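Novice: Mind having a look at this structure? Questions to follow.
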Amino acid sequence: MKPRQFLQSKIAGLKARLSRLSRIDNAFVGLRPQDMRYAPSREHFSVSNARLAKTEREIRRRFEHLETTAMSAPLQRVLVDIALVERELDRARRLFGMFYEVFAQRGTSFGPSLAAHDAIAGDCYQAIRQAAPRVFSGALLKPVCYMEHGYSPATMRRGIQMNRLLGEANPFPLIRIPWDRDQPWQSVFLHEVAHNLQADLGIWQENRQAVVRRMLQSTRDPFITSVYGRWHKEIFADLAAILLGGPAAAWGMADFLAQPVPRTMTYRPGGAHPTAYLRVQMLAEMLRRLGFVRDGEQLARTWRTLYQSPRGHRMPLQLISSAARAIPAVVDEIAFQTRRNLAHRALVDIIPFGNDDQKAIREGADALISRRYRQAIHLPPRFLVSAAAYALASRRVAPQRLATQVINLLNQQSDHVRAGPASPTQLRLVA
Ligand SMILES: [Zn+2]
């Protein structure tokens with residue numbers, strides 16, 4: 001085969017894959033009518049479809065150019081043009097694959113718990129909309145949860161460029177739940193939602209700058225300042241999670257962070273997460289500041305007993321010696337100081353949490369323990385997470401039964417909210 005002929009046949013192969021892609025266009029993600037109550041909203045589908053359609057147009061445009069010039073352009077140019085079509089195809093495939101995976105999981109046995117987690121995440125946004133109307137810029141697509149491998153939950157914020165999408169921005173927040181952590185009492189899930197809240201509230205930068213300024217002022221130590229500056233978003237998510245779920249959220253995160261001494265007490269240079277030894281002290285400080293003094297003291301004491309600093313730590317001494325000053329300052333700065341982007345309100349003002357909320361959570365826990373589920377259904381979804389955590393800790397309910405019941409409650413609640421199931425035609429993913 002001559003070079004030009006050889007390239008022509010390569011292009012023909014490429015064209016066959018384009019049409020292959022167009023056949024996938026009309027594939028359904030495989031959800032049955034009974035799965036629809038667990039599916040993301042119509043808007044999630046249509047935004048995904050629009051994104052896929054845009055990539056498809058780009059593929060066609062590049063392919064048409066390739067087809068019209070392939071006989072006359074220099075051979076090297078043709079090779080590059082083929083590669084450019086391939087690149088767009090790859091982008092479409094990754095996008096399609098991601099949407100397919102995320103949406104199709106709603107048709108599996110994980111569907112109910114994923115929908116329940118969507119409801120919890122949506123409620124966290126709702127809490128802010130109630131306390132601070134119009135603080136978000138307009139309507140936002142809610143986060144969508146999906147299952148994947150991985151030790152801890154993770155999140156991909158709205159609009160960030162994703163490596164797996166070749167730099168495409170994701171159109172709505174995604175929250176990854178590890179396969180074995182889909183029970184509705186994981187307060188680390190509230191932490192993940194909080195990362196999205198911080199991004200959608202537009203206070204990412206402002207929070208970092210404020211932390212850096214405050215730490216420099218209170219410690220006068222550039223090293224400590226840079227460390228807390230780097231940790232700002234994780235501390236924000238921890239403190240916001242406490243405001244979303246109360247003391248139970250602090251205990252739940254401590255549960256997650258309680259590892260053997262070498263892990264909990266080793267400082268990781270460049271790491272985004274605070275060393276767990278200090279991180280839980282921040283949670284305890286937040287509880288005290290919110291007026292949950294007993295919980296705060298108990299958490300701090302338990303942590304001190306498990307992790308005694310003179311023994312076996314691998315942390316810069318400055319970090320330990322500055323903690324008594326740095327921790328109250330950073331908690332005050334992130335949760336209690338006002339932000340311009342929050343219209344001069346603080347985090348505690350836009351996610352208020354008080355004694356009445358804690359009382360409602362405790363009552364909800366009692367209702368779950370004594371199987372009075374009707375009573376618990378009125379609890380906001382984010383509070384149900386904490387009520388379920390207390391019910392689990394009571395050890396008076398079988399965990400799997402508890403998980404199933406709480407997931408049912410969360411899905412019953414969202415059935416009321418849902419405008420009605422999306423029609424099957426909305427399920428088409430157009431590539
Ligand atoms: Zn985090």
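Chain labels run A, B, ... following the order of the structure tokens; each chain numbers its residues from 1, and ligands are numbered from 1 in the order shown.
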What residues in region 126-220 of chain A get the DSSP label helix (DSSP H, G or I)? Please answer as an NGL selection string.

Specialist: :A and (126-131 or 163-165 or 187-200 or 204-219)

Novice: Do you know which residues are at most 12 Å from Ser152 (chain A) counting only C-alpha atoms, after dropping those on the same chain fewer than 6 positions away, and could you put them as a list in words?

Specialist: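 In the requested format, the answer is Ile175, Arg176, Ile177, Pro178, Trp179, Asp180, Arg181, Asp182, Gln186, Ser187, Val188, Phe189, His191, Glu192, Met253, Phe256 and Leu257 of chain A.
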
Novice: Take the residues that were just selected and, keeping C-alpha atoms, output them as an mmCIF file, in the first residue's frame.

Specialist:
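New file part.cif:
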data_model
loop_
_atom_site.group_PDB
_atom_site.id
_atom_site.type_symbol
_atom_site.label_atom_id
_atom_site.label_comp_id
_atom_site.auth_asym_id
_atom_site.auth_seq_id
_atom_site.Cartn_x
_atom_site.Cartn_y
_atom_site.Cartn_z
ATOM 1 C CA ILE A 175 -18.933 12.708 45.457
ATOM 2 C CA ARG A 176 -17.191 9.378 45.490
ATOM 3 C CA ILE A 177 -18.220 6.872 48.122
ATOM 4 C CA PRO A 178 -16.003 3.835 48.690
ATOM 5 C CA TRP A 179 -17.811 0.552 48.051
ATOM 6 C CA ASP A 180 -18.075 -0.342 51.745
ATOM 7 C CA ARG A 181 -18.936 3.092 53.105
ATOM 8 C CA ASP A 182 -22.427 3.585 51.767
ATOM 9 C CA GLN A 186 -20.769 8.443 57.838
ATOM 10 C CA SER A 187 -20.025 11.988 58.927
ATOM 11 C CA VAL A 188 -17.015 12.056 56.610
ATOM 12 C CA PHE A 189 -19.654 12.331 53.910
ATOM 13 C CA HIS A 191 -17.071 16.736 55.165
ATOM 14 C CA GLU A 192 -17.073 15.941 51.430
ATOM 15 C CA MET A 253 -14.583 12.191 61.894
ATOM 16 C CA PHE A 256 -12.261 7.907 60.853
ATOM 17 C CA LEU A 257 -8.976 9.521 61.914
#

Novice: Show me which residues sit within 9 Å of ligand 1 when counting only C-alpha atoms and all ligand atoms, and put them as a ChimeraX atom specification.

Specialist: /A:153-155,188,191-192,194-195,233-238,272-273

Novice: Enumerate the residues of region 114-323 of chain A with a DSSP assignment of strand (DSSP E), computed from the backbone, and present them as a VMD selection string.

Specialist: chain A and resid 144 to 148 154 to 156 174 to 178

Novice: Tell me which protein, DNA and RNA residues are within 7 Å of Val331 (chain A), counting only C-alpha atoms, leaving out same-chain ones fewer than 4 positions away, and put them as a ChimeraX atom specification.

Specialist: /A:282,286,327,335

Novice: Residues of the last selection are to be written out with C-alpha atoms, as an mmCIF file, in the first residue's frame.

Specialist:
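So result_30.cif came out as:
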data_model
loop_
_atom_site.group_PDB
_atom_site.id
_atom_site.type_symbol
_atom_site.label_atom_id
_atom_site.label_comp_id
_atom_site.auth_asym_id
_atom_site.auth_seq_id
_atom_site.Cartn_x
_atom_site.Cartn_y
_atom_site.Cartn_z
ATOM 1 C CA MET A 282 -9.555 21.445 66.150
ATOM 2 C CA MET A 286 -15.088 23.848 67.504
ATOM 3 C CA ILE A 327 -5.914 26.002 67.076
ATOM 4 C CA ALA A 335 -15.954 29.567 61.457
#

Novice: Compile the contact shell of Ser109 (chain A) as an NGL selection string: residues with an atom at most 12 Å away, counting only C-alpha atoms, same-chain residues fewer than 5 positions apart removed.

Specialist: :A and (31 or 34-35 or 38 or 104 or 114-115 or 147 or 179 or 182 or 404)

Novice: At a cut-off of 10 Å, using only C-alpha atoms, what residues contact region 74-80 of chain A? Leave out same-chain residues fewer than 5 positions from it and give the result as a PyMOL selection string.

Specialist: chain A and resi 3-4+7-8+10-11+66-67+69+85-86

Novice: Store the residues picked out above, limited to C-alpha atoms, as an mmCIF file, in the first residue's frame.

Specialist:
data_model
loop_
_atom_site.group_PDB
_atom_site.id
_atom_site.type_symbol
_atom_site.label_atom_id
_atom_site.label_comp_id
_atom_site.auth_asym_id
_atom_site.auth_seq_id
_atom_site.Cartn_x
_atom_site.Cartn_y
_atom_site.Cartn_z
ATOM 1 C CA PRO A 3 1.534 6.023 1.975
ATOM 2 C CA ARG A 4 -1.481 8.067 0.853
ATOM 3 C CA LEU A 7 -3.517 6.856 5.484
ATOM 4 C CA GLN A 8 -6.849 6.696 3.616
ATOM 5 C CA LYS A 10 -6.538 4.548 8.547
ATOM 6 C CA ILE A 11 -9.082 7.355 8.086
ATOM 7 C CA LEU A 66 -9.562 15.728 7.737
ATOM 8 C CA GLU A 67 -11.686 14.089 5.036
ATOM 9 C CA THR A 69 -7.806 17.641 2.991
ATOM 10 C CA VAL A 85 -9.737 13.616 15.772
ATOM 11 C CA GLU A 86 -8.498 10.810 18.013
#

Novice: Between A:Arg62, A:Pro247, A:Ala139, A:Arg230, which one has atoms that come closest to Leu287 (chain A), using only C-alpha atoms?

Specialist: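 Distance minimum relative to Leu287 (chain A) lands on A:Pro247.
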
Novice: Which residues, written as a list in words, have at least one atom at most 9 Å from region 200-214 of chain A, with only C-alpha atoms counted and residues fewer than 5 positions away on the same chain left out?

Specialist: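 Everything that qualifies: Val135, Phe136, Ser137, Leu140, Arg157, Arg158, His195, Thr219, Thr225, Ser226, Tyr228, Gly229, Arg230, Trp231, His232, Lys233, Phe236, Ala329, Val330, Glu333, Ile334, Arg339, Arg340, Asn341 and Leu342 of chain A.
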
Novice: What gap, in Å, lies between CA of Gln161 (chain A) and CA of Arg51 (chain A)?

Specialist: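 If I compute the distance from CA of Gln161 (chain A) to CA of Arg51 (chain A), I get 13.8 Å.
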